[in-house]
Amino acid sequence: MDLHEFRETAELAARRGGDILEEWASKFTVSEKSQFNLVTEADLASQTAICKFITERYPDHGFLGEEGLVEDHSQSGCRWIIDPLDGTSNYVHRFPYYGVSIALEIDGKLQVGVVYDPTRDEMFSAAAGLGSTVNGSPLSPSTIDGLDRALVMASLPLVTDKNDPAVQRFLTVLSQAQHLQRTGSAALNLAYVAAGRMEAYWSSSLKPWDMAGGAVILLEAGGRISKTDGSAFDVEVADMLASNGTPVHEQLVECLA
């Protein structure tokens, strides 16, 4: 199997999805339909275009996607994991921090990942053993090795309150990190850690399609991913800590315990 070819397919498919998101975004100001309905239609249109493009190239491959997409992959061993719109709330409010995430899993192992930001035309891309790039330029995480000098991102559950353990952990890290923010796009957060634009990101409320593409990009760039307790990462489990691979990782494990 040619990972170069699979990566190119993912990149082309992600661009198609991103173009559709931007086309639909213009309708938010001219339609009488609710924003919820519009964003659902944009999400579905992006996912449909992505799957159609990939299926035309690899008709025996399976899929797992955010919008109810589950297709068998037992014959080929290949499963594409797709988030056609990561950062929905940002998209609805026209806050330019959202994107398309696509990963390819082969025989249970993540092998290819892309995250495309259509607002900046940035294509983050990686394949196992081939490194990570953004628009063709190599990526590498930052070398900051202290949480007190780190920019850290977190995801919180959509519905929560001040007593939620996730909120309490957020407050714990808030007092330790130089900067702590919540941005609303897991895929871009992972890509940004890979690019050295932030030092770490964690969440306990993600789905496989939120994490898969960005995880490949970060690992190929030289970063580190685990569960929040430091144990082995599993894309099927909603528990992830991603970092630049310095002692910042262990410092966050201690904070999140």
# chains A, B, ... in the order shown; residues from 1 in each chain; ligands from 1
$ select_by_dssp --residues "region 60-135 of chain A" --states "strand (DSSP E or B)" --output "NGL selection string"
:A and (62-65 or 69-71 or 78-86 or 99-106 or 109-117 or 122-127 or 131-134)
$ residues_around --residues "Leu174 (chain A)" --least-positions-apart "4" --cutoff "12 Å" --atoms "only C-alpha atoms" --output "PyMOL selection string"
chain A and resi 147-148+150-154+167-170+178-182+252+255-256
$ write_last_selection --atoms "N, CA and C atoms" --output "mmCIF file, in the first residue's frame"
data_model
loop_
_atom_site.group_PDB
_atom_site.id
_atom_site.type_symbol
_atom_site.label_atom_id
_atom_site.label_comp_id
_atom_site.auth_asym_id
_atom_site.auth_seq_id
_atom_site.Cartn_x
_atom_site.Cartn_y
_atom_site.Cartn_z
ATOM 1 N N LEU A 147 5.924 23.847 32.111
ATOM 2 C CA LEU A 147 4.515 24.222 32.021
ATOM 3 C C LEU A 147 4.317 25.706 32.314
ATOM 4 N N ASP A 148 5.183 26.252 33.153
ATOM 5 C CA ASP A 148 5.051 27.668 33.504
ATOM 6 C C ASP A 148 5.414 28.597 32.350
ATOM 7 N N ALA A 150 4.458 27.504 29.083
ATOM 8 C CA ALA A 150 3.759 26.834 27.981
ATOM 9 C C ALA A 150 2.388 27.445 27.693
ATOM 10 N N LEU A 151 2.024 27.403 26.413
ATOM 11 C CA LEU A 151 0.668 27.707 25.971
ATOM 12 C C LEU A 151 -0.048 26.370 25.810
ATOM 13 N N VAL A 152 -1.119 26.196 26.567
ATOM 14 C CA VAL A 152 -1.825 24.916 26.627
ATOM 15 C C VAL A 152 -3.285 25.113 26.229
ATOM 16 N N MET A 153 -3.839 24.126 25.522
ATOM 17 C CA MET A 153 -5.243 24.146 25.127
ATOM 18 C C MET A 153 -5.987 23.008 25.801
ATOM 19 N N ALA A 154 -7.287 23.194 25.988
ATOM 20 C CA ALA A 154 -8.128 22.155 26.581
ATOM 21 C C ALA A 154 -9.487 22.153 25.903
ATOM 22 N N VAL A 167 -13.904 20.633 34.577
ATOM 23 C CA VAL A 167 -13.725 22.040 34.918
ATOM 24 C C VAL A 167 -12.690 22.184 36.033
ATOM 25 N N GLN A 168 -12.732 21.299 36.996
ATOM 26 C CA GLN A 168 -11.775 21.363 38.098
ATOM 27 C C GLN A 168 -10.347 21.131 37.599
ATOM 28 N N ARG A 169 -10.186 20.217 36.650
ATOM 29 C CA ARG A 169 -8.852 19.983 36.102
ATOM 30 C C ARG A 169 -8.384 21.186 35.288
ATOM 31 N N PHE A 170 -9.318 21.814 34.588
ATOM 32 C CA PHE A 170 -8.998 23.031 33.843
ATOM 33 C C PHE A 170 -8.452 24.093 34.790
ATOM 34 N N GLN A 178 1.561 28.927 31.778
ATOM 35 C CA GLN A 178 1.684 30.351 31.463
ATOM 36 C C GLN A 178 0.403 30.871 30.835
ATOM 37 N N HIS A 179 -0.162 30.081 29.892
ATOM 38 C CA HIS A 179 -1.429 30.437 29.243
ATOM 39 C C HIS A 179 -2.252 29.174 29.053
ATOM 40 N N LEU A 180 -3.552 29.250 29.315
ATOM 41 C CA LEU A 180 -4.464 28.138 29.090
ATOM 42 C C LEU A 180 -5.696 28.669 28.378
ATOM 43 N N GLN A 181 -6.047 28.038 27.253
ATOM 44 C CA GLN A 181 -7.178 28.504 26.463
ATOM 45 C C GLN A 181 -8.041 27.334 26.018
ATOM 46 N N ARG A 182 -9.245 27.670 25.582
ATOM 47 C CA ARG A 182 -10.180 26.697 25.016
ATOM 48 C C ARG A 182 -10.588 27.230 23.649
ATOM 49 N N LEU A 252 1.866 17.879 33.053
ATOM 50 C CA LEU A 252 0.409 17.885 32.860
ATOM 51 C C LEU A 252 -0.226 16.609 33.380
ATOM 52 N N CYS A 255 -0.794 17.217 36.924
ATOM 53 C CA CYS A 255 -1.887 18.157 37.166
ATOM 54 C C CYS A 255 -3.259 17.541 36.934
ATOM 55 N N LEU A 256 -3.338 16.649 35.964
ATOM 56 C CA LEU A 256 -4.621 16.093 35.552
ATOM 57 C C LEU A 256 -4.997 14.828 36.331
#
$ atom_distance --atom1 "CA of Tyr116 (chain A)" --atom2 "CA of Ser205 (chain A)"
21.7 Å
$ select_by_dssp --residues "region 112-246 of chain A" --states "helix (DSSP H, G or I)" --output "number ranges by chain"
A: 147-149, 165-174, 186-194, 208-221
$ residues_around --residues "Gly77 (chain A)" --least-positions-apart "3" --cutoff "7 Å" --atoms "only C-alpha atoms" --output "MDAnalysis selection string"
chainID A and resid 73:74 106:107
$ write_last_selection --atoms "C-alpha atoms" --output "short mmCIF file (atom, residue, chain, number, x, y, z; two decimals), in the first residue's frame"
data_model
loop_
_atom_site.label_atom_id
_atom_site.label_comp_id
_atom_site.auth_asym_id
_atom_site.auth_seq_id
_atom_site.Cartn_x
_atom_site.Cartn_y
_atom_site.Cartn_z
CA HIS A 73 -13.82 -2.24 6.16
CA SER A 74 -13.21 -5.89 7.00
CA ILE A 106 -4.86 0.29 8.18
CA ASP A 107 -5.28 -2.98 10.07
#
$ residues_around --residues "Ser76 (chain A)" --least-positions-apart "2" --cutoff "12 Å" --atoms "only C-alpha atoms" --output "PyMOL selection string"
chain A and resi 1+58-63+71-74+78-80+105-108
$ write_last_selection --atoms "C-alpha atoms" --output "compact mmCIF listing (two decimals), in the first residue's frame"
# COMPACT_ATOMS: atom_id res chain seq x y z
CA MET A 1 0.00 0.00 0.00
CA TYR A 58 -10.83 2.86 -3.14
CA PRO A 59 -14.29 1.28 -3.40
CA ASP A 60 -13.53 -1.48 -0.87
CA HIS A 61 -12.42 0.86 1.93
CA GLY A 62 -14.58 1.49 4.99
CA PHE A 63 -15.50 4.70 6.80
CA GLU A 71 -19.16 1.45 6.59
CA ASP A 72 -17.54 -1.97 6.84
CA HIS A 73 -13.82 -2.24 6.16
CA SER A 74 -13.21 -5.89 7.00
CA CYS A 78 -8.63 0.14 5.58
CA ARG A 79 -10.87 2.59 7.44
CA TRP A 80 -11.07 6.32 6.78
CA GLU A 105 -6.37 3.45 9.67
CA ILE A 106 -4.86 0.29 8.18
CA ASP A 107 -5.28 -2.98 10.07
CA GLY A 108 -6.10 -1.05 13.22
$ closest_residue --among "A:Leu3, A:Gln75, A:Ser101, A:Thr88" --to "Arg16 (chain A)" --atoms "only C-alpha atoms"
A:Ser101
$ closest_residue --among "A:Gly131, A:Pro208, A:Gly245, A:Gly196" --to "Ile225 (chain A)" --atoms "only C-alpha atoms"
A:Gly245
